[in-house]
$ cat protein-v7.tsv   # TSV, C-alpha atoms (C1' of nucleotides)
chain	number	residue	atom	x	y	z
A	1446	MET	CA	-50.78	-29.55	35.07
A	1447	THR	CA	-52.53	-32.13	32.92
A	1448	ALA	CA	-50.70	-34.38	30.51
A	1449	ASP	CA	-51.89	-32.59	27.40
A	1450	THR	CA	-52.75	-28.95	27.43
A	1451	GLN	CA	-55.84	-27.49	25.91
A	1452	TRP	CA	-54.18	-24.78	23.86
A	1453	LEU	CA	-55.92	-21.63	22.76
A	1454	ASP	CA	-57.48	-21.89	19.31
A	1455	ASP	CA	-56.83	-19.16	16.71
A	1456	ASP	CA	-59.80	-17.11	17.79
A	1457	GLU	CA	-58.86	-17.26	21.43
A	1458	GLN	CA	-55.23	-16.60	20.67
A	1459	ARG	CA	-56.12	-13.47	18.74
A	1460	THR	CA	-58.48	-12.27	21.45
A	1461	TRP	CA	-55.93	-12.89	24.16
A	1462	ARG	CA	-53.11	-11.10	22.37
A	1463	ALA	CA	-55.28	-8.15	21.47
A	1464	PHE	CA	-56.46	-7.86	25.03
A	1465	LEU	CA	-52.93	-8.12	26.36
A	1466	THR	CA	-51.71	-5.43	24.00
A	1467	ALA	CA	-54.63	-3.10	24.62
A	1468	GLN	CA	-54.32	-3.48	28.33
A	1469	ARG	CA	-50.63	-2.72	28.29
A	1470	LEU	CA	-50.89	0.26	25.98
A	1471	LEU	CA	-53.70	1.72	28.04
A	1472	PHE	CA	-52.29	1.26	31.51
A	1473	ASP	CA	-48.76	2.23	30.51
A	1474	ARG	CA	-50.14	5.53	29.24
A	1475	LEU	CA	-52.24	6.19	32.30
A	1476	GLU	CA	-49.33	5.32	34.55
A	1477	ARG	CA	-47.07	7.71	32.68
A	1478	GLN	CA	-49.64	10.47	32.67
A	1479	LEU	CA	-50.00	10.31	36.43
A	1480	GLN	CA	-46.29	10.00	37.03
A	1481	ARG	CA	-45.54	12.92	34.77
A	1482	ASP	CA	-48.31	15.28	35.88
A	1483	ALA	CA	-48.74	14.31	39.52
A	1484	GLY	CA	-45.54	12.47	40.37
A	1485	LEU	CA	-47.61	9.56	41.62
A	1486	PRO	CA	-47.91	5.93	40.55
A	1487	HIS	CA	-51.47	4.90	39.86
A	1488	ALA	CA	-51.46	2.65	42.92
A	1489	TYR	CA	-50.71	5.65	45.14
A	1490	TYR	CA	-53.32	7.77	43.43
A	1491	GLU	CA	-55.84	5.05	44.15
A	1492	ILE	CA	-54.94	5.05	47.83
A	1493	LEU	CA	-55.73	8.76	47.97
A	1494	VAL	CA	-59.03	8.13	46.18
A	1495	ARG	CA	-60.11	5.41	48.60
A	1496	LEU	CA	-59.24	7.52	51.60
A	1497	SER	CA	-61.05	10.52	50.18
A	1498	GLU	CA	-64.22	8.45	49.89
A	1499	ALA	CA	-64.04	7.00	53.41
A	1500	PRO	CA	-65.87	8.44	56.41
A	1501	ASP	CA	-63.59	11.00	58.07
A	1502	ARG	CA	-61.20	10.29	55.20
A	1503	THR	CA	-59.84	7.56	57.42
A	1504	LEU	CA	-59.50	3.83	57.00
A	1505	ARG	CA	-57.87	0.96	58.80
A	1506	MET	CA	-54.74	-0.17	57.01
A	1507	SER	CA	-56.25	-3.56	56.22
A	1508	GLN	CA	-59.45	-2.10	54.81
A	1509	LEU	CA	-57.39	0.27	52.75
A	1510	ALA	CA	-55.30	-2.62	51.48
A	1511	ASP	CA	-58.36	-4.65	50.57
A	1512	SER	CA	-60.20	-1.81	48.90
A	1513	SER	CA	-57.20	-0.87	46.82
A	1514	LEU	CA	-56.40	-4.48	45.93
A	1515	SER	CA	-53.02	-4.15	47.53
A	1516	SER	CA	-50.99	-6.45	49.73
A	1517	ARG	CA	-50.41	-5.39	53.33
A	1518	SER	CA	-46.75	-5.04	52.62
A	1519	ARG	CA	-47.21	-2.94	49.55
A	1520	LEU	CA	-49.60	-0.70	51.41
A	1521	SER	CA	-47.17	-0.23	54.28
A	1522	HIS	CA	-44.45	0.93	51.93
A	1523	ALA	CA	-46.85	3.13	50.01
A	1524	VAL	CA	-48.32	4.81	53.07
A	1525	ALA	CA	-44.83	5.40	54.38
A	1526	ARG	CA	-44.04	7.34	51.25
A	1527	LEU	CA	-47.36	9.18	51.22
A	1528	GLU	CA	-46.84	10.08	54.87
A	1529	ALA	CA	-43.37	11.40	54.16
A	1530	SER	CA	-44.91	13.57	51.45
A	1531	GLY	CA	-47.45	14.85	53.96
A	1532	TRP	CA	-50.52	13.53	52.17
A	1533	VAL	CA	-51.46	10.81	54.62
A	1534	ARG	CA	-51.13	10.56	58.40
A	1535	ARG	CA	-51.10	7.41	60.49
A	1536	ARG	CA	-53.09	7.28	63.71
A	1537	ALA	CA	-53.10	4.66	66.43
A	1538	CYS	CA	-56.17	2.46	66.84
A	1539	ALA	CA	-57.57	2.38	70.36
A	1540	GLU	CA	-59.86	-0.67	70.10
A	1541	ASP	CA	-57.23	-2.89	68.56
A	1542	ARG	CA	-53.77	-1.83	69.45
A	1543	ARG	CA	-52.20	-3.90	66.73
A	1544	GLY	CA	-53.96	-1.82	64.15
A	1545	SER	CA	-53.58	1.64	62.77
A	1546	PHE	CA	-55.58	4.12	60.79
A	1547	ALA	CA	-54.54	5.99	57.71
A	1548	GLU	CA	-56.04	9.43	57.31
A	1549	LEU	CA	-55.96	11.70	54.30
A	1550	THR	CA	-54.54	15.09	55.26
A	1551	PRO	CA	-55.87	18.36	53.82
A	1552	GLU	CA	-52.69	18.51	51.76
A	1553	GLY	CA	-53.43	15.00	50.50
A	1554	LEU	CA	-56.93	16.03	49.52
A	1555	ALA	CA	-55.56	19.05	47.72
A	1556	LYS	CA	-53.06	16.84	45.95
A	1557	LEU	CA	-55.84	14.54	44.83
A	1558	GLU	CA	-58.01	17.39	43.65
A	1559	ALA	CA	-55.12	18.78	41.69
A	1560	SER	CA	-54.33	15.43	40.09
A	1561	ALA	CA	-57.82	14.14	39.34
A	1562	PRO	CA	-58.76	16.28	36.33
A	1563	GLY	CA	-55.72	15.30	34.32
A	1564	HIS	CA	-56.19	11.66	35.14
A	1565	VAL	CA	-59.90	11.63	34.34
A	1566	GLU	CA	-59.26	13.33	31.05
A	1567	ALA	CA	-56.66	10.72	30.20
A	1568	VAL	CA	-59.11	7.92	31.01
A	1569	ARG	CA	-61.70	9.58	28.85
A	1570	SER	CA	-59.49	10.23	25.88
A	1571	ASP	CA	-57.54	6.97	26.04
A	1572	LEU	CA	-60.38	4.61	26.86
A	1573	PHE	CA	-63.89	5.96	26.46
A	1574	ASP	CA	-63.22	7.94	23.31
A	1575	ALA	CA	-62.23	4.70	21.60
A	1576	LEU	CA	-65.48	2.90	22.41
A	1577	ASP	CA	-69.06	3.40	21.29
A	1578	ARG	CA	-71.99	2.92	23.66
A	1579	ASN	CA	-72.33	-0.77	22.91
A	1580	HIS	CA	-68.69	-1.43	23.47
A	1581	GLN	CA	-68.75	0.48	26.73
A	1582	HIS	CA	-71.68	-1.58	27.89
A	1583	ALA	CA	-70.01	-4.79	26.84
A	1584	LEU	CA	-66.80	-3.81	28.58
A	1585	ARG	CA	-68.71	-3.35	31.80
A	1586	GLU	CA	-70.44	-6.71	31.50
A	1587	ILE	CA	-67.20	-8.46	30.70
A	1588	SER	CA	-65.38	-6.78	33.54
A	1589	GLU	CA	-68.07	-7.57	36.06
A	1590	ALA	CA	-68.21	-11.18	34.92
A	1591	LEU	CA	-64.47	-11.37	35.33
A	1592	VAL	CA	-64.53	-9.79	38.77
A	1593	ASN	CA	-67.15	-12.29	39.90
A	1594	HIS	CA	-65.25	-15.15	38.41
A	1595	LEU	CA	-61.95	-14.18	39.98
A	1596	SER	CA	-63.29	-13.14	43.36
A	1597	ASP	CA	-65.08	-16.44	43.81
A	1598	SER	CA	-62.23	-18.64	42.81
A	1599	PRO	CA	-59.21	-18.95	45.06
A	1600	PRO	CA	-55.85	-17.64	43.93
A	1601	TRP	CA	-54.49	-21.16	43.46
A	1602	PRO	CA	-56.27	-24.25	42.19
A	1603	VAL	CA	-57.65	-26.24	45.07
A	1604	ASP	CA	-56.86	-29.93	45.55
A	1605	GLY	CA	-59.44	-32.20	44.02
A	1606	ASP	CA	-60.58	-29.44	41.71
A	1607	GLY	CA	-59.54	-31.54	38.75
A	1608	GLU	CA	-56.02	-30.14	38.99
B	1109	MET	CA	-55.70	20.63	31.42
B	1110	THR	CA	-58.89	22.54	30.67
B	1111	ALA	CA	-60.54	24.83	33.17
B	1112	ASP	CA	-63.42	22.52	33.99
B	1113	THR	CA	-63.08	18.79	33.70
B	1114	GLN	CA	-65.56	16.54	32.03
B	1115	TRP	CA	-65.92	14.00	34.81
B	1116	LEU	CA	-67.05	10.46	34.27
B	1117	ASP	CA	-70.79	9.97	34.69
B	1118	ASP	CA	-72.11	7.16	36.89
B	1119	ASP	CA	-72.18	4.68	34.06
B	1120	GLU	CA	-68.69	5.45	32.98
B	1121	GLN	CA	-67.42	5.48	36.53
B	1122	ARG	CA	-68.84	2.04	37.12
B	1123	THR	CA	-67.44	0.70	33.88
B	1124	TRP	CA	-64.04	2.15	34.59
B	1125	ARG	CA	-63.80	0.79	38.11
B	1126	ALA	CA	-65.02	-2.63	37.07
B	1127	PHE	CA	-62.48	-2.75	34.28
B	1128	LEU	CA	-59.72	-1.59	36.58
B	1129	THR	CA	-60.56	-4.23	39.15
B	1130	ALA	CA	-60.96	-7.02	36.62
B	1131	GLN	CA	-57.73	-6.15	34.93
B	1132	ARG	CA	-55.83	-6.12	38.19
B	1133	LEU	CA	-57.29	-9.34	39.50
B	1134	LEU	CA	-56.60	-11.10	36.24
B	1135	PHE	CA	-53.06	-9.93	35.62
B	1136	ASP	CA	-52.01	-10.26	39.23
B	1137	ARG	CA	-53.05	-13.89	39.10
B	1138	LEU	CA	-51.33	-14.61	35.84
B	1139	GLU	CA	-48.20	-12.89	37.06
B	1140	ARG	CA	-48.19	-14.96	40.22
B	1141	GLN	CA	-48.87	-18.17	38.39
B	1142	LEU	CA	-45.87	-17.63	36.14
B	1143	GLN	CA	-43.64	-16.47	38.94
B	1144	ARG	CA	-44.60	-19.42	41.09
B	1145	ASP	CA	-44.48	-22.16	38.46
B	1146	ALA	CA	-41.81	-20.86	36.11
B	1147	GLY	CA	-39.92	-18.32	38.18
B	1148	LEU	CA	-40.47	-15.78	35.42
B	1149	PRO	CA	-42.27	-12.45	35.27
B	1150	HIS	CA	-44.79	-12.29	32.47
B	1151	ALA	CA	-42.66	-9.75	30.63
B	1152	TYR	CA	-39.78	-12.23	30.51
B	1153	TYR	CA	-42.05	-15.04	29.43
B	1154	GLU	CA	-43.23	-12.86	26.59
B	1155	ILE	CA	-39.67	-12.24	25.46
B	1156	LEU	CA	-39.15	-15.98	25.18
B	1157	VAL	CA	-42.40	-16.28	23.22
B	1158	ARG	CA	-41.44	-13.57	20.73
B	1159	LEU	CA	-38.02	-15.09	20.18
B	1160	SER	CA	-39.49	-18.55	19.74
B	1161	GLU	CA	-41.69	-17.25	16.94
B	1162	ALA	CA	-38.93	-15.38	15.12
B	1163	PRO	CA	-36.95	-16.82	12.20
B	1164	ASP	CA	-33.90	-18.63	13.61
B	1165	ARG	CA	-35.33	-17.76	17.02
B	1166	THR	CA	-33.34	-14.57	16.69
B	1167	LEU	CA	-34.33	-10.91	16.73
B	1168	ARG	CA	-32.60	-7.59	16.83
B	1169	MET	CA	-32.84	-6.04	20.28
B	1170	SER	CA	-34.94	-3.15	19.00
B	1171	GLN	CA	-37.39	-5.40	17.18
B	1172	LEU	CA	-37.67	-7.52	20.27
B	1173	ALA	CA	-38.32	-4.43	22.34
B	1174	ASP	CA	-41.01	-3.21	19.95
B	1175	SER	CA	-42.72	-6.56	19.61
B	1176	SER	CA	-42.85	-7.08	23.33
B	1177	LEU	CA	-43.97	-3.49	24.02
B	1178	SER	CA	-40.90	-2.93	26.12
B	1179	SER	CA	-38.53	0.00	26.40
B	1180	ARG	CA	-34.98	-0.52	25.17
B	1181	SER	CA	-33.70	-0.13	28.68
B	1182	ARG	CA	-36.11	-2.62	30.14
B	1183	LEU	CA	-35.24	-5.10	27.44
B	1184	SER	CA	-31.51	-4.71	28.08
B	1185	HIS	CA	-31.97	-5.54	31.74
B	1186	ALA	CA	-34.32	-8.39	30.96
B	1187	VAL	CA	-32.08	-9.98	28.35
B	1188	ALA	CA	-29.14	-9.65	30.73
B	1189	ARG	CA	-31.04	-11.71	33.25
B	1190	LEU	CA	-32.27	-14.22	30.68
B	1191	GLU	CA	-28.74	-14.53	29.36
B	1192	ALA	CA	-27.39	-15.18	32.85
B	1193	SER	CA	-29.99	-17.93	33.19
B	1194	GLY	CA	-28.80	-19.42	29.92
B	1195	TRP	CA	-32.09	-18.99	28.04
B	1196	VAL	CA	-31.00	-16.27	25.65
B	1197	ARG	CA	-27.71	-15.51	23.97
B	1198	ARG	CA	-26.55	-12.20	22.54
B	1199	ARG	CA	-24.81	-12.11	19.18
B	1200	ALA	CA	-23.04	-9.26	17.45
B	1201	CYS	CA	-24.64	-7.73	14.38
B	1202	ALA	CA	-22.33	-7.48	11.38
B	1203	GLU	CA	-24.30	-5.05	9.19
B	1204	ASP	CA	-24.82	-2.52	11.95
B	1205	ARG	CA	-22.17	-2.66	14.57
B	1206	ARG	CA	-24.22	-0.66	17.03
B	1207	GLY	CA	-26.79	-3.40	17.11
B	1208	SER	CA	-27.02	-6.87	18.51
B	1209	PHE	CA	-29.14	-9.93	18.17
B	1210	ALA	CA	-30.88	-11.89	20.86
B	1211	GLU	CA	-31.21	-15.59	20.22
B	1212	LEU	CA	-33.26	-18.12	22.11
B	1213	THR	CA	-31.05	-21.01	23.24
B	1214	PRO	CA	-32.23	-24.63	23.25
B	1215	GLU	CA	-32.42	-24.34	27.04
B	1216	GLY	CA	-34.59	-21.25	26.61
B	1217	LEU	CA	-36.89	-23.09	24.27
B	1218	ALA	CA	-37.13	-25.95	26.72
B	1219	LYS	CA	-37.89	-23.50	29.49
B	1220	LEU	CA	-40.67	-21.97	27.40
B	1221	GLU	CA	-42.12	-25.36	26.51
B	1222	ALA	CA	-42.12	-26.32	30.15
B	1223	SER	CA	-43.81	-23.09	31.23
B	1224	ALA	CA	-46.36	-22.67	28.48
B	1225	PRO	CA	-48.94	-25.30	29.47
B	1226	GLY	CA	-49.41	-23.94	32.97
B	1227	HIS	CA	-49.68	-20.42	31.71
B	1228	VAL	CA	-52.15	-21.25	28.95
B	1229	GLU	CA	-54.30	-23.15	31.37
B	1230	ALA	CA	-54.32	-20.19	33.70
B	1231	VAL	CA	-55.39	-17.90	30.87
B	1232	ARG	CA	-58.14	-20.30	29.97
B	1233	SER	CA	-59.47	-20.82	33.46
B	1234	ASP	CA	-59.06	-17.23	34.65
B	1235	LEU	CA	-60.23	-15.43	31.53
B	1236	PHE	CA	-61.99	-17.53	28.90
B	1237	ASP	CA	-63.93	-19.68	31.33
B	1238	ALA	CA	-65.60	-16.55	32.64
B	1239	LEU	CA	-66.83	-15.38	29.25
B	1240	ASP	CA	-69.41	-16.75	26.83
B	1241	ARG	CA	-68.90	-16.61	23.06
B	1242	ASN	CA	-70.47	-13.16	22.71
B	1243	HIS	CA	-68.38	-11.72	25.45
B	1244	GLN	CA	-65.25	-13.18	23.96
B	1245	HIS	CA	-66.11	-11.67	20.63
B	1246	ALA	CA	-66.86	-8.32	22.20
B	1247	LEU	CA	-63.62	-8.40	24.15
B	1248	ARG	CA	-61.71	-8.85	20.94
B	1249	GLU	CA	-63.50	-5.99	19.22
B	1250	ILE	CA	-62.97	-3.71	22.17
B	1251	SER	CA	-59.33	-4.63	22.47
B	1252	GLU	CA	-58.66	-4.12	18.78
B	1253	ALA	CA	-60.44	-0.78	18.83
B	1254	LEU	CA	-58.33	0.23	21.78
B	1255	VAL	CA	-55.10	-0.90	20.16
B	1256	ASN	CA	-55.92	1.12	17.04
B	1257	HIS	CA	-56.87	4.11	19.10
B	1258	LEU	CA	-53.75	4.04	21.21
B	1259	SER	CA	-51.31	3.13	18.47
B	1260	ASP	CA	-52.47	6.01	16.29
B	1261	SER	CA	-52.39	8.64	18.98
B	1262	PRO	CA	-49.09	9.82	20.37
B	1263	PRO	CA	-48.13	9.09	23.96
B	1264	TRP	CA	-48.66	12.73	24.93
B	1265	PRO	CA	-51.31	15.13	23.72
B	1266	VAL	CA	-49.99	17.17	20.81
B	1267	ASP	CA	-50.10	20.96	20.77
B	1268	GLY	CA	-53.18	22.31	19.09
B	1269	ASP	CA	-55.00	19.05	19.66
B	1270	GLY	CA	-57.54	20.82	21.83
B	1271	GLU	CA	-55.47	20.56	24.97
C	173	DC	C1'	-55.29	-17.98	83.83
C	174	DC	C1'	-52.11	-19.84	80.27
C	175	DT	C1'	-50.89	-21.35	76.15
C	176	DA	C1'	-51.29	-21.64	71.15
C	177	DA	C1'	-52.93	-19.94	67.06
C	178	DG	C1'	-54.32	-16.26	64.39
C	179	DT	C1'	-54.33	-11.29	62.92
C	180	DA	C1'	-52.37	-6.35	62.09
C	181	DG	C1'	-48.92	-4.15	60.37
C	182	DT	C1'	-43.87	-3.40	59.51
C	183	DT	C1'	-39.31	-4.37	57.80
C	184	DG	C1'	-35.31	-5.54	54.76
C	185	DA	C1'	-33.59	-7.87	50.83
C	186	DA	C1'	-34.09	-9.14	46.18
C	187	DC	C1'	-35.97	-8.09	41.94
C	188	DT	C1'	-37.99	-5.36	38.13
C	189	DC	C1'	-38.88	-1.12	35.91
C	190	DT	C1'	-38.06	3.78	34.80
C	191	DC	C1'	-35.38	7.54	33.75
C	192	DA	C1'	-31.49	10.09	32.43
C	193	DG	C1'	-27.27	9.83	30.56
C	194	DC	C1'	-23.57	7.52	28.17
C	195	DG	C1'	-20.39	5.51	24.30
C	196	DA	C1'	-20.39	3.75	19.88
C	197	DT	C1'	-21.93	3.76	15.28
C	198	DT	C1'	-24.53	5.28	11.36
C	199	DG	C1'	-26.45	8.45	8.07
C	200	DA	C1'	-27.57	12.98	6.00
C	201	DG	C1'	-26.16	17.30	4.46
C	202	DA	C1'	-22.76	21.12	3.67
D	215	DT	C1'	-14.68	14.85	3.81
D	216	DC	C1'	-16.50	16.73	7.98
D	217	DT	C1'	-19.89	17.61	11.04
D	218	DC	C1'	-23.99	16.99	13.46
D	219	DA	C1'	-28.13	14.65	14.45
D	220	DA	C1'	-30.20	10.31	15.03
D	221	DT	C1'	-30.11	5.47	16.35
D	222	DC	C1'	-28.56	1.24	18.97
D	223	DG	C1'	-27.99	-0.61	23.06
D	224	DC	C1'	-26.08	-0.39	27.83
D	225	DT	C1'	-25.57	1.31	32.58
D	226	DG	C1'	-26.44	3.09	37.34
D	227	DA	C1'	-29.43	5.22	40.39
D	228	DG	C1'	-33.87	5.61	42.24
D	229	DA	C1'	-38.47	3.95	43.04
D	230	DG	C1'	-42.12	0.39	43.66
D	231	DT	C1'	-43.38	-4.47	44.45
D	232	DT	C1'	-42.84	-9.03	46.38
D	233	DC	C1'	-41.61	-12.30	49.62
D	234	DA	C1'	-40.36	-14.08	53.98
D	235	DA	C1'	-39.63	-13.05	58.47
D	236	DC	C1'	-40.68	-10.52	62.45
D	237	DT	C1'	-43.06	-7.91	66.53
D	238	DA	C1'	-47.03	-6.94	68.88
D	239	DC	C1'	-51.45	-7.80	70.04
D	240	DT	C1'	-55.83	-10.49	70.24
D	241	DT	C1'	-58.64	-14.50	70.52
D	242	DA	C1'	-59.91	-19.30	71.37
D	243	DG	C1'	-59.38	-23.48	74.09
D	244	DG	C1'	-58.00	-26.09	77.92

$ encode --input "protein-v7.tsv" --output "structure tokens"
Amino acid sequence: MTADTQWLDDDEQRTWRAFLTAQRLLFDRLERQLQRDAGLPHAYYEILVRLSEAPDRTLRMSQLADSSLSSRSRLSHAVARLEASGWVRRRACAEDRRGSFAELTPEGLAKLEASAPGHVEAVRSDLFDALDRNHQHALREISEALVNHLSDSPPWPVDGDGE
Amino acid sequence: MTADTQWLDDDEQRTWRAFLTAQRLLFDRLERQLQRDAGLPHAYYEILVRLSEAPDRTLRMSQLADSSLSSRSRLSHAVARLEASGWVRRRACAEDRRGSFAELTPEGLAKLEASAPGHVEAVRSDLFDALDRNHQHALREISEALVNHLSDSPPWPVDGDGE
DNA sequence: CCTAAGTAGTTGAACTCTCAGCGATTGAGA
DNA sequence: TCTCAATCGCTGAGAGTTCAACTACTTAGG
């Protein structure tokens, strides 16, 4: 923390608050839609999606955690719940006996297929319907720039980085 | 839910996933930064901010809930915790005896002033440093469009709205 | 080999958020 | 005035996330 902070100017402040508000309104709605219509948090829905796209609908727990931007711990709890619901099954890993696989069951696939339309329609009506072509394009550029920026930089400032 | 869903095309799919990822990376980091350096979730930080900007640093619970995009219930729990920490104080409301005020204490203001620089710097380095002037401008337009879109439309689709 | 360090995944406790339901108060209409 | 609906805020239970600690296994180095 430097001695004097470089505060956000009025423009930045307005951008930041608008973004914060938009983001919260949007994701709160999507979260509610999924919870209400599918009984699933978005994070759990995403786990089903990742598994459905994997070869044999199976992924190592760590790959699943990485691809769904989840911590190992969070994933463990989540898969435990999904397994109890019968949508995911755990399988032992022969090559590395520390590891385990998560596999999407047929019931899990059915659950996903039943939940997807409602979710996609919510994304369309809540997000895409608000944006014209230019804005959609800009949103993608901004998001990809952000992903690059945040993937390259470590989660905490590194020593000697100007701290 | 209509009979056949209008799925996202490749462009939209890519935009959506990039946005989802960017949003998660960004807000996870900001959340962690605040939790680590201030011991506060972002939602609680925001409550302190709203109070600090209010006349007499005081707001009715419902106004505070609305301005921080929080449910009444969430706010009650949050203010209970902030009150236990000594950063907020509840006061009775004379005109409407159902209601109550939340007031930022001097300790709460000090807490906010101590936490703000680190948070602002995180916002700058994680968000603004990744975006050029055009992108920043576009992000504001997109966010404001989204806020309008989502504030005008009800949380659930209304009957006869095509659903 | 044998040890030490690293990795995979799980667990339990603490915390936050949601949801439904509650008591208290207010306000509108008969 | 009386009643009934609406509003204000709180509460407890349930669910998801985080964090630190832990077991089990693997890998690297002597």

$ residues_around --input "protein-v7.tsv" --residues "DC239 (chain D)" --least-positions-apart "6" --cutoff "9 Å" --atoms "only C-alpha atoms (C1' of nucleotides)" --output "list in words"
Asp1541, Arg1542, Arg1543 and Gly1544 of chain A; DT179 and DA180 of chain C

$ interface_residues --input "protein-v7.tsv" --of "chain D" --to "chain B" --cutoff "9 Å" --atoms "all atoms listed in the file" --output "PDB file with C-alpha atoms (C1' of nucleotides), in the frame of the given file"
ATOM      1  C1'  DT D 221     -30.110   5.470  16.350  1.00  0.00           C
ATOM      2  C1'  DC D 222     -28.560   1.240  18.970  1.00  0.00           C
ATOM      3  C1'  DG D 223     -27.990  -0.610  23.060  1.00  0.00           C
ATOM      4  C1'  DC D 224     -26.080  -0.390  27.830  1.00  0.00           C
TER       5       DC D 224
END

$ interface_residues --input "protein-v7.tsv" --of "chain C" --to "chain A" --cutoff "12 Å" --atoms "only C-alpha atoms (C1' of nucleotides)" --output "list in words"
DT179, DA180, DG181, DT182, DT183, DG184, DC189, DT190 and DC191 of chain C

$ closest_atom_pairs --input "protein-v7.tsv" --of "chain B" --to "chain A" --cutoff "6 Å" --atoms "only C-alpha atoms" --output "CSV"
residue,atom,partner,partner_atom,distance
B:Thr1113,CA,A:Pro1562,CA,5.6
B:Thr1123,CA,A:Arg1585,CA,4.7
B:Ala1126,CA,A:Ser1588,CA,5.5
B:Phe1127,CA,A:Ser1588,CA,5.0
B:Ala1130,CA,A:Val1592,CA,5.0
B:Pro1225,CA,A:Thr1450,CA,5.7
B:Ala1238,CA,A:Leu1591,CA,5.9
B:Arg1248,CA,A:Thr1460,CA,4.7
B:Ser1251,CA,A:Phe1464,CA,5.0
B:Glu1252,CA,A:Ala1463,CA,5.9
B:Leu1254,CA,A:Ala1467,CA,5.7
B:Val1255,CA,A:Ala1467,CA,5.0
B:His1257,CA,A:Ala1575,CA,5.9

$ closest_residue --input "protein-v7.tsv" --among "C:DA192, C:DA200, C:DA186, C:DC173" --to "DA220 (chain D)" --atoms "all atoms listed in the file"
C:DA200

$ residues_around --input "protein-v7.tsv" --residues "DG201 (chain C)" --least-positions-apart "3" --cutoff "12 Å" --atoms "only C-alpha atoms (C1' of nucleotides)" --output "PyMOL selection string"
chain D and resi 215-219

$ closest_residue --input "protein-v7.tsv" --among "B:Ala1200, B:Glu1154, B:Asp1118, B:Leu1220" --to "Asp1174 (chain B)" --atoms "all atoms listed in the file"
B:Glu1154

$ atom_distance --input "protein-v7.tsv" --atom1 "CA of Glu1552 (chain A)" --atom2 "CA of Glu1540 (chain A)"
27.5 Å

$ atom_distance --input "protein-v7.tsv" --atom1 "CA of Arg1144 (chain B)" --atom2 "C1' of DG178 (chain C)"
25.4 Å
